[in-house]
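Peer 1: Got run-v8.pdb for you, PDB, C-alpha atoms:
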```pdb
MODEL        1
ATOM      1  CA  MET J   1     -14.517 -17.079   7.231
ATOM      2  CA  PRO J   2     -11.362 -18.302   5.452
ATOM      3  CA  HIS J   3      -8.415 -15.944   5.615
ATOM      4  CA  LEU J   4      -5.994 -15.095   2.830
ATOM      5  CA  THR J   5      -3.503 -17.258   4.675
ATOM      6  CA  THR J   6      -2.620 -18.109   8.235
ATOM      7  CA  PRO J   7      -0.868 -15.201  10.006
ATOM      8  CA  GLY J   8       2.791 -15.870  10.723
ATOM      9  CA  VAL J   9       3.092 -19.029   8.611
ATOM     10  CA  PRO J  10       5.856 -18.850   5.984
ATOM     11  CA  ALA J  11       5.276 -19.948   2.410
ATOM     12  CA  ALA J  12       5.884 -23.621   1.734
ATOM     13  CA  THR J  13       9.246 -24.334   0.127
ATOM     14  CA  GLY J  14       8.858 -25.097  -3.544
ATOM     15  CA  ALA J  15       5.246 -23.863  -3.663
ATOM     16  CA  PRO J  16       4.134 -22.257  -6.936
ATOM     17  CA  ALA J  17       4.311 -18.463  -7.091
ATOM     18  CA  ALA J  18       1.111 -16.866  -5.917
ATOM     19  CA  ARG J  19      -0.915 -14.854  -8.394
ATOM     20  CA  ILE J  20      -1.279 -11.147  -7.866
ATOM     21  CA  GLY J  21      -4.841 -10.046  -7.193
ATOM     22  CA  LEU J  22      -6.701  -6.779  -6.852
ATOM     23  CA  ALA J  23      -8.217  -5.002  -3.879
ATOM     24  CA  ALA J  24     -10.342  -1.861  -3.668
ATOM     25  CA  PRO J  25      -9.057   0.375  -0.838
ATOM     26  CA  GLY J  26     -11.790   3.004  -0.858
ATOM     27  CA  TRP J  27     -14.187   3.638  -3.728
ATOM     28  CA  ALA J  28     -16.416   6.678  -3.398
ATOM     29  CA  HIS J  29     -20.019   6.419  -2.197
ATOM     30  CA  PRO J  30     -22.106   4.200  -4.523
ATOM     31  CA  MET J  31     -24.157   7.218  -5.606
ATOM     32  CA  LEU J  32     -20.986   8.910  -6.864
ATOM     33  CA  ALA J  33     -19.210   5.795  -8.133
ATOM     34  CA  PRO J  34     -21.887   3.357  -9.365
ATOM     35  CA  ARG J  35     -19.637   1.704 -11.957
ATOM     36  CA  GLU J  36     -16.954   0.962  -9.388
ATOM     37  CA  TRP J  37     -19.349  -0.904  -7.115
ATOM     38  CA  ARG J  38     -20.775  -2.903 -10.044
ATOM     39  CA  GLU J  39     -17.428  -4.002 -11.478
ATOM     40  CA  PRO J  40     -16.802  -7.096  -9.277
ATOM     41  CA  ALA J  41     -20.088  -8.613 -10.464
ATOM     42  CA  ARG J  42     -18.907  -8.729 -14.085
ATOM     43  CA  ALA J  43     -18.245 -12.297 -15.209
ATOM     44  CA  GLU J  44     -14.914 -11.351 -16.843
ATOM     45  CA  ALA J  45     -13.616  -9.450 -13.816
ATOM     46  CA  PRO J  46     -11.295 -11.321 -11.445
ATOM     47  CA  PRO J  47     -12.686 -11.576  -7.897
ATOM     48  CA  LEU J  48     -11.327  -8.854  -5.664
ATOM     49  CA  HIS J  49      -9.353 -10.003  -2.639
ATOM     50  CA  TRP J  50     -11.322  -7.409  -0.637
ATOM     51  CA  ALA J  51     -13.110  -4.084  -0.955
ATOM     52  CA  VAL J  52     -13.311  -1.368   1.697
ATOM     53  CA  LEU J  53     -16.644   0.173   2.653
ATOM     54  CA  ASN J  54     -16.302   3.684   4.071
ATOM     55  CA  VAL J  55     -19.749   5.233   4.447
ATOM     56  CA  GLY J  56     -18.845   8.433   6.261
ATOM     57  CA  ARG J  57     -15.417   8.178   7.876
ATOM     58  CA  GLY J  58     -16.577   4.810   9.150
ATOM     59  CA  PRO J  59     -20.050   3.214   9.224
ATOM     60  CA  GLY J  60     -21.918   6.530   9.265
ATOM     61  CA  ALA J  61     -24.632   7.632  11.670
ATOM     62  CA  ARG J  62     -27.314   5.262  10.327
ATOM     63  CA  PRO J  63     -27.628   2.474   7.727
ATOM     64  CA  ASP J  64     -27.212   3.873   4.217
ATOM     65  CA  PRO J  65     -29.514   2.152   1.679
ATOM     66  CA  TYR J  66     -27.093   2.668  -1.221
ATOM     67  CA  CYS J  67     -24.220   1.150   0.749
ATOM     68  CA  LEU J  68     -26.420  -1.707   1.930
ATOM     69  CA  ALA J  69     -27.202  -2.621  -1.688
ATOM     70  CA  ALA J  70     -23.589  -2.201  -2.816
ATOM     71  CA  ALA J  71     -22.242  -4.380   0.003
ATOM     72  CA  ALA J  72     -24.822  -7.058  -0.784
ATOM     73  CA  ARG J  73     -23.785  -7.137  -4.458
ATOM     74  CA  LEU J  74     -20.138  -7.510  -3.517
ATOM     75  CA  ARG J  75     -20.889 -10.380  -1.168
ATOM     76  CA  GLU J  76     -22.899 -12.117  -3.887
ATOM     77  CA  ALA J  77     -19.907 -11.706  -6.216
ATOM     78  CA  GLY J  78     -17.687 -13.410  -3.633
ATOM     79  CA  THR J  79     -15.791 -10.292  -2.558
ATOM     80  CA  PRO J  80     -15.122  -9.782   1.173
ATOM     81  CA  VAL J  81     -16.379  -6.360   2.261
ATOM     82  CA  LEU J  82     -14.226  -4.721   4.943
ATOM     83  CA  GLY J  83     -15.439  -1.947   7.214
ATOM     84  CA  HIS J  84     -13.122   1.072   7.291
ATOM     85  CA  LEU J  85     -11.847   1.775  10.807
ATOM     86  CA  GLU J  86      -9.590   4.782  11.357
ATOM     87  CA  LEU J  87      -6.852   4.067  13.921
ATOM     88  CA  ARG J  88      -5.239   7.537  13.796
ATOM     89  CA  GLN J  89      -1.761   6.047  14.180
ATOM     90  CA  GLY J  90      -2.809   4.342  17.402
ATOM     91  CA  PHE J  91      -4.531   7.310  19.071
ATOM     92  CA  ARG J  92      -8.171   6.412  18.344
ATOM     93  CA  PRO J  93     -10.079   5.599  21.564
ATOM     94  CA  PHE J  94     -10.668   1.856  21.867
ATOM     95  CA  ALA J  95     -14.371   2.257  22.721
ATOM     96  CA  GLU J  96     -14.965   4.286  19.541
ATOM     97  CA  LEU J  97     -13.334   1.603  17.416
ATOM     98  CA  VAL J  98     -15.449  -1.149  18.919
ATOM     99  CA  ALA J  99     -18.646   0.885  18.507
ATOM    100  CA  ASP J 100     -17.899   1.505  14.815
ATOM    101  CA  ALA J 101     -17.014  -2.150  14.298
ATOM    102  CA  ARG J 102     -20.345  -3.263  15.775
ATOM    103  CA  ARG J 103     -22.237  -0.876  13.488
ATOM    104  CA  PHE J 104     -20.445  -2.215  10.429
ATOM    105  CA  LEU J 105     -21.308  -5.766  11.428
ATOM    106  CA  ASP J 106     -24.908  -5.078  12.421
ATOM    107  CA  TRP J 107     -25.780  -2.821   9.481
ATOM    108  CA  TYR J 108     -23.692  -4.081   6.572
ATOM    109  CA  GLY J 109     -22.674  -7.615   7.499
ATOM    110  CA  VAL J 110     -19.012  -6.913   6.728
ATOM    111  CA  SER J 111     -16.548  -9.782   6.409
ATOM    112  CA  GLY J 112     -13.845  -8.050   8.422
ATOM    113  CA  PHE J 113     -12.080  -4.715   8.787
ATOM    114  CA  TYR J 114      -9.538  -2.440   7.150
ATOM    115  CA  LEU J 115      -7.573  -0.587   9.831
ATOM    116  CA  ALA J 116      -6.576   2.677   8.170
ATOM    117  CA  ARG J 117      -3.571   4.673   9.406
ATOM    118  CA  CYS J 118      -2.480   1.735  11.505
ATOM    119  CA  PRO J 119       0.617   2.483  13.610
ATOM    120  CA  SER J 120       3.873   0.850  12.574
ATOM    121  CA  ASP J 121       6.139   1.338  15.581
ATOM    122  CA  PRO J 122       6.852  -1.143  18.410
ATOM    123  CA  ALA J 123       5.351   1.194  21.022
ATOM    124  CA  HIS J 124       1.808   0.696  19.686
ATOM    125  CA  LEU J 125       2.082  -3.039  19.066
ATOM    126  CA  HIS J 126       0.436  -4.103  22.338
ATOM    127  CA  GLU J 127      -2.594  -1.847  21.920
ATOM    128  CA  THR J 128      -2.982  -2.838  18.267
ATOM    129  CA  ARG J 129      -2.903  -6.480  19.325
ATOM    130  CA  ARG J 130      -5.725  -5.766  21.763
ATOM    131  CA  THR J 131      -7.695  -4.129  18.958
ATOM    132  CA  THR J 132      -7.195  -6.930  16.431
ATOM    133  CA  ARG J 133      -8.063  -9.641  18.955
ATOM    134  CA  THR J 134     -11.283  -7.825  19.789
ATOM    135  CA  LEU J 135     -12.181  -7.389  16.118
ATOM    136  CA  ARG J 136     -11.489 -11.067  15.451
ATOM    137  CA  ALA J 137     -13.862 -12.019  18.237
ATOM    138  CA  LEU J 138     -16.589  -9.590  17.153
ATOM    139  CA  SER J 139     -16.446 -10.727  13.517
ATOM    140  CA  ASP J 140     -16.108 -14.442  14.264
ATOM    141  CA  GLY J 141     -12.622 -14.603  12.785
ATOM    142  CA  GLY J 142     -13.167 -12.065  10.019
ATOM    143  CA  LEU J 143     -10.525 -10.829   7.603
ATOM    144  CA  LEU J 144      -8.230  -8.112   8.958
ATOM    145  CA  VAL J 145      -6.029  -5.822   6.844
ATOM    146  CA  LEU J 146      -3.660  -3.371   8.527
ATOM    147  CA  GLY J 147      -3.249  -0.166   6.523
ATOM    148  CA  HIS J 148       0.248   0.845   7.586
ATOM    149  CA  GLY J 149       1.277   2.246   4.226
ATOM    150  CA  THR J 150       4.893   1.377   5.027
ATOM    151  CA  HIS J 151       6.833  -1.583   6.390
ATOM    152  CA  PRO J 152       5.945  -1.857  10.075
ATOM    153  CA  TYR J 153       7.787  -3.411  12.972
ATOM    154  CA  PRO J 154       7.819  -7.170  12.161
ATOM    155  CA  GLY J 155       5.639  -8.066  15.148
ATOM    156  CA  TYR J 156       2.588  -6.602  13.378
ATOM    157  CA  ALA J 157       2.670  -9.484  10.905
ATOM    158  CA  LYS J 158       1.257 -11.737  13.627
ATOM    159  CA  LEU J 159      -1.834  -9.575  14.154
ATOM    160  CA  ALA J 160      -3.660  -9.674  10.815
ATOM    161  CA  ASP J 161      -4.174 -11.497   7.557
ATOM    162  CA  GLN J 162      -2.578  -8.850   5.389
ATOM    163  CA  LEU J 163      -0.423  -5.732   5.807
ATOM    164  CA  VAL J 164      -0.373  -2.763   3.446
ATOM    165  CA  THR J 165       3.367  -2.191   3.289
ATOM    166  CA  PHE J 166       3.312   0.503   0.619
ATOM    167  CA  GLU J 167       0.808   3.289   0.017
ATOM    168  CA  GLY J 168       1.916   6.226  -2.059
ATOM    169  CA  GLY J 169       2.852   7.612  -5.455
ATOM    170  CA  TRP J 170       4.522   6.016  -8.427
ATOM    171  CA  PRO J 171       7.847   7.929  -8.222
ATOM    172  CA  ASP J 172       8.395   6.623  -4.674
ATOM    173  CA  TYR J 173       7.259   3.106  -5.576
ATOM    174  CA  ARG J 174       9.742   2.818  -8.447
ATOM    175  CA  TRP J 175      12.627   3.259  -6.010
ATOM    176  CA  SER J 176      11.124   1.567  -2.963
ATOM    177  CA  GLN J 177      12.900  -1.206  -1.083
ATOM    178  CA  VAL J 178      11.300  -4.196   0.580
ATOM    179  CA  ALA J 179      12.065  -4.988   4.236
ATOM    180  CA  GLU J 180      14.143  -8.145   4.619
ATOM    181  CA  TRP J 181      11.818  -9.700   7.202
ATOM    182  CA  THR J 182       8.975  -9.937   4.668
ATOM    183  CA  ALA J 183      10.811 -12.810   2.947
ATOM    184  CA  ASP J 184       9.685 -15.044   5.836
ATOM    185  CA  HIS J 185       6.044 -14.672   4.745
ATOM    186  CA  PRO J 186       4.115 -15.560   1.572
ATOM    187  CA  PRO J 187       2.937 -12.846  -0.865
ATOM    188  CA  GLU J 188      -0.655 -13.223   0.351
ATOM    189  CA  ARG J 189       0.391 -11.361   3.485
ATOM    190  CA  PHE J 190       1.231  -8.087   1.729
ATOM    191  CA  CYS J 191      -0.564  -5.418  -0.286
ATOM    192  CA  HIS J 192       0.697  -2.404  -2.256
ATOM    193  CA  LEU J 193      -1.487   0.622  -3.071
ATOM    194  CA  VAL J 194       0.075   2.914  -5.678
ATOM    195  CA  HIS J 195      -1.404   6.021  -7.282
ATOM    196  CA  GLY J 196      -0.216   8.039 -10.251
ATOM    197  CA  VAL J 197       0.973   4.967 -12.182
ATOM    198  CA  PRO J 198       1.051   5.809 -15.923
ATOM    199  CA  GLY J 199      -0.506   3.212 -18.185
ATOM    200  CA  THR J 200       2.821   2.846 -19.994
ATOM    201  CA  HIS J 201       4.413   1.697 -16.721
ATOM    202  CA  LEU J 202       1.748  -0.758 -15.617
ATOM    203  CA  GLU J 203       3.853  -3.818 -16.440
ATOM    204  CA  GLU J 204       6.810  -2.319 -14.568
ATOM    205  CA  ALA J 205       4.595  -1.749 -11.520
ATOM    206  CA  LEU J 206       3.462  -5.365 -11.619
ATOM    207  CA  ARG J 207       7.071  -6.540 -11.830
ATOM    208  CA  ILE J 208       7.964  -4.471  -8.762
ATOM    209  CA  ALA J 209       5.052  -5.984  -6.857
ATOM    210  CA  ARG J 210       6.224  -9.484  -7.771
ATOM    211  CA  TRP J 211       9.839  -8.771  -6.860
ATOM    212  CA  GLN J 212       8.823  -7.315  -3.524
ATOM    213  CA  GLY J 213       6.491 -10.200  -2.697
ATOM    214  CA  ALA J 214       3.092  -8.474  -2.745
ATOM    215  CA  GLY J 215       0.102 -10.709  -3.443
ATOM    216  CA  THR J 216      -2.480  -7.920  -3.614
ATOM    217  CA  VAL J 217      -2.302  -4.565  -5.391
ATOM    218  CA  TYR J 218      -4.316  -1.567  -6.452
ATOM    219  CA  PHE J 219      -2.664   0.543  -9.139
ATOM    220  CA  THR J 220      -4.292   3.663 -10.490
ATOM    221  CA  ASP J 221      -3.388   6.548 -12.764
ATOM    222  CA  ARG J 222      -5.439   8.875 -10.545
ATOM    223  CA  GLY J 223      -3.516  11.452  -8.548
ATOM    224  CA  THR J 224      -3.972  13.275  -5.259
ATOM    225  CA  GLY J 225      -4.791  16.731  -6.632
ATOM    226  CA  GLY J 226      -7.746  18.729  -5.361
ATOM    227  CA  GLY J 227      -7.924  16.841  -2.081
ATOM    228  CA  VAL J 228      -9.655  13.895  -3.738
ATOM    229  CA  SER J 229      -8.562  10.381  -2.780
ATOM    230  CA  PRO J 230      -6.942   8.570  -5.736
ATOM    231  CA  TRP J 231      -8.749   5.374  -4.676
ATOM    232  CA  GLU J 232     -12.276   6.760  -5.160
ATOM    233  CA  SER J 233     -12.606   5.913  -8.870
ATOM    234  CA  LEU J 234     -11.395   3.256 -11.268
ATOM    235  CA  PRO J 235      -8.120   3.839 -13.107
ATOM    236  CA  GLY J 236      -8.340   4.716 -16.779
ATOM    237  CA  TYR J 237      -6.700   1.383 -17.620
ATOM    238  CA  TRP J 238      -9.048  -0.704 -15.460
ATOM    239  CA  ASP J 239     -10.007  -3.027 -18.337
ATOM    240  CA  GLU J 240      -6.328  -3.610 -19.137
ATOM    241  CA  ILE J 241      -5.376  -4.504 -15.584
ATOM    242  CA  VAL J 242      -8.434  -6.775 -15.317
ATOM    243  CA  SER J 243      -7.301  -8.495 -18.515
ATOM    244  CA  ARG J 244      -3.764  -8.933 -17.174
ATOM    245  CA  LEU J 245      -4.833 -10.281 -13.805
ATOM    246  CA  GLY J 246      -7.854 -12.261 -14.915
ATOM    247  CA  THR J 247      -5.640 -15.225 -15.737
ATOM    248  CA  GLY J 248      -3.214 -14.382 -12.938
ATOM    249  CA  VAL J 249       0.129 -12.661 -12.994
ATOM    250  CA  SER J 250       2.896 -14.791 -11.612
ATOM    251  CA  GLU J 251       6.464 -15.823 -12.205
TER
ENDMDL
END
```
Just give me the structure as structure tokens.

Peer 2:
Amino acid sequence: MPHLTTPGVPAATGAPAARIGLAAPGWAHPMLAPREWREPARAEAPPLHWAVLNVGRGPGARPDPYCLAAAARLREAGTPVLGHLELRQGFRPFAELVADARRFLDWYGVSGFYLARCPSDPAHLHETRRTTRTLRALSDGGLLVLGHGTHPYPGYAKLADQLVTFEGGWPDYRWSQVAEWTADHPPERFCHLVHGVPGTHLEEALRIARWQGAGTVYFTDRGTGGGVSPWESLPGYWDEIVSRLGTGVSE
């Protein structure tokens, strides 16, 4: 399948600024979040760059009929569905990863994989390269997103289509700094996931994403209280952000 861009290839000089797009890093199960899984099919909604399917800390023990239907709808809407693979900062056994990847492919026909808690240090680069090469082969060149949550060692940029270089709360994002090496790559290579963003600061958050060279974002006003993931439901200003990004946000 086509990738967001070719790994390791810098942006062309003088090319127009890329538009910021949305991704869905982990909506709740379709039974609990039916609206979320229907949203990409709306005609007025901009196509998501990707959406993560996490059935039960991975593909689950057996095919889930609700997830099968939700994944099918996303594919029909043109959204790549990525299977959620937990890397545990590089300490997940390789055989377990491959087994989960095969289940995602066989059961849900995913378009690639989201590697959650991906290591960021040089020591785990070789093993992560082994993992990404295997996943590429299994998925016939599928889309790969590395969920670092911070700026990793630059060598990781050669392993996947996109890196999540920020994952965290709004107070930290407002004062975050971009790594200098990211300037050698186009915005399509980077994603920011930010929770707790007030609606009154949505435009500021988008400006930060542009300044830091992120081509994909997910901003939400949801927080991390009660042990619930802030990515499980749509933000209260979902319609506003869809309106802003529907025609593209660029400079």

Peer 1: Nearest to Arg88 (chain J): which of J:Trp37, J:Gly147, J:Thr134, J:Ala69 is it, counting all atoms listed in the file?

Peer 2: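 Answer, going by the shortest atom-to-atom distance: J:Gly147.
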
Peer 1: Pick out the residues sitting within 9 Å of Leu53 (chain J), and hand them over as a list of chain:residue names; count only C-alpha atoms, and ignore anything fewer than 3 positions along from it in its own chain.

Peer 2: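 So, after excluding close chain neighbours, the residues are J:Pro25, J:Gly26, J:Trp27, J:Ala28, J:His29, J:Gly58, J:Pro59, J:Cys67, J:Ala71, J:Val81, J:Leu82, J:Gly83, J:His84, J:Phe104, J:Val110, J:Tyr114.
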
Peer 1: Suppose a student applies the PyMOL selection byres ((chain J and resi 196-210) around 6) to this structure; what residues should they get, written as a list in words?

Peer 2: Gly169, Trp170, His195, Trp211, Gln212, Gly213, Ala214, Thr220, Asp221, Arg222 and Gly223 of chain J

Peer 1: Mind telling me what the PyMOL selection byres ((chain J and resi 182-188) around 6) catches here, as a PyMOL selection string?

Peer 2: chain J and resi 10-11+179-181+189-190+213-215

Peer 1: Excluding region 100-102 of chain J and any residue of its chain fewer than 5 positions from it, enumerate the residues within 12 Å of it, using all atoms listed in the file, and give them as a ChimeraX atom specification.

Peer 2: /J:53-62,82-87,92-95,107-115,131-132,134-139,142,144

Peer 1: Could the residues in this selection be written to a file with C-alpha atoms, as a JSON list (two decimals), in the frame of the given file?

Peer 2:
```json
[["chain", "number", "residue", "atom", "x", "y", "z"],
["J", 53, "LEU", "CA", -16.64, 0.17, 2.65],
["J", 54, "ASN", "CA", -16.30, 3.68, 4.07],
["J", 55, "VAL", "CA", -19.75, 5.23, 4.45],
["J", 56, "GLY", "CA", -18.84, 8.43, 6.26],
["J", 57, "ARG", "CA", -15.42, 8.18, 7.88],
["J", 58, "GLY", "CA", -16.58, 4.81, 9.15],
["J", 59, "PRO", "CA", -20.05, 3.21, 9.22],
["J", 60, "GLY", "CA", -21.92, 6.53, 9.26],
["J", 61, "ALA", "CA", -24.63, 7.63, 11.67],
["J", 62, "ARG", "CA", -27.31, 5.26, 10.33],
["J", 82, "LEU", "CA", -14.23, -4.72, 4.94],
["J", 83, "GLY", "CA", -15.44, -1.95, 7.21],
["J", 84, "HIS", "CA", -13.12, 1.07, 7.29],
["J", 85, "LEU", "CA", -11.85, 1.78, 10.81],
["J", 86, "GLU", "CA", -9.59, 4.78, 11.36],
["J", 87, "LEU", "CA", -6.85, 4.07, 13.92],
["J", 92, "ARG", "CA", -8.17, 6.41, 18.34],
["J", 93, "PRO", "CA", -10.08, 5.60, 21.56],
["J", 94, "PHE", "CA", -10.67, 1.86, 21.87],
["J", 95, "ALA", "CA", -14.37, 2.26, 22.72],
["J", 107, "TRP", "CA", -25.78, -2.82, 9.48],
["J", 108, "TYR", "CA", -23.69, -4.08, 6.57],
["J", 109, "GLY", "CA", -22.67, -7.62, 7.50],
["J", 110, "VAL", "CA", -19.01, -6.91, 6.73],
["J", 111, "SER", "CA", -16.55, -9.78, 6.41],
["J", 112, "GLY", "CA", -13.84, -8.05, 8.42],
["J", 113, "PHE", "CA", -12.08, -4.72, 8.79],
["J", 114, "TYR", "CA", -9.54, -2.44, 7.15],
["J", 115, "LEU", "CA", -7.57, -0.59, 9.83],
["J", 131, "THR", "CA", -7.70, -4.13, 18.96],
["J", 132, "THR", "CA", -7.20, -6.93, 16.43],
["J", 134, "THR", "CA", -11.28, -7.82, 19.79],
["J", 135, "LEU", "CA", -12.18, -7.39, 16.12],
["J", 136, "ARG", "CA", -11.49, -11.07, 15.45],
["J", 137, "ALA", "CA", -13.86, -12.02, 18.24],
["J", 138, "LEU", "CA", -16.59, -9.59, 17.15],
["J", 139, "SER", "CA", -16.45, -10.73, 13.52],
["J", 142, "GLY", "CA", -13.17, -12.06, 10.02],
["J", 144, "LEU", "CA", -8.23, -8.11, 8.96]]
```

Peer 1: Provide the CA of Leu97 (chain J) to CA of His151 (chain J) distance in Å, to one decimal place.

Peer 2: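 Going from CA of Leu97 (chain J) over to CA of His151 (chain J), I get 23.2 Å.
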
Peer 1: Once the PyMOL selection byres ((chain J and resi 156-166) around 7) has been applied to the shown file, what residues remain in the selection, as a VMD selection string?

Peer 2: chain J and resid 3 to 8 125 129 132 143 to 155 167 to 168 188 to 193

Peer 1: How many Å separate CA of Ile20 (chain J) from CA of Glu240 (chain J)?

Peer 2: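 About the pair CA of Ile20 (chain J) and CA of Glu240 (chain J): they are 14.5 Å apart.
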
Peer 1: Considering all atoms listed in the file, return as a count of residues only whatever protein or nucleic-acid residues lie within 10 Å of Ala77 (chain J), sequence-local ones (same chain, fewer than 5 positions apart) excluded.

Peer 2: 10
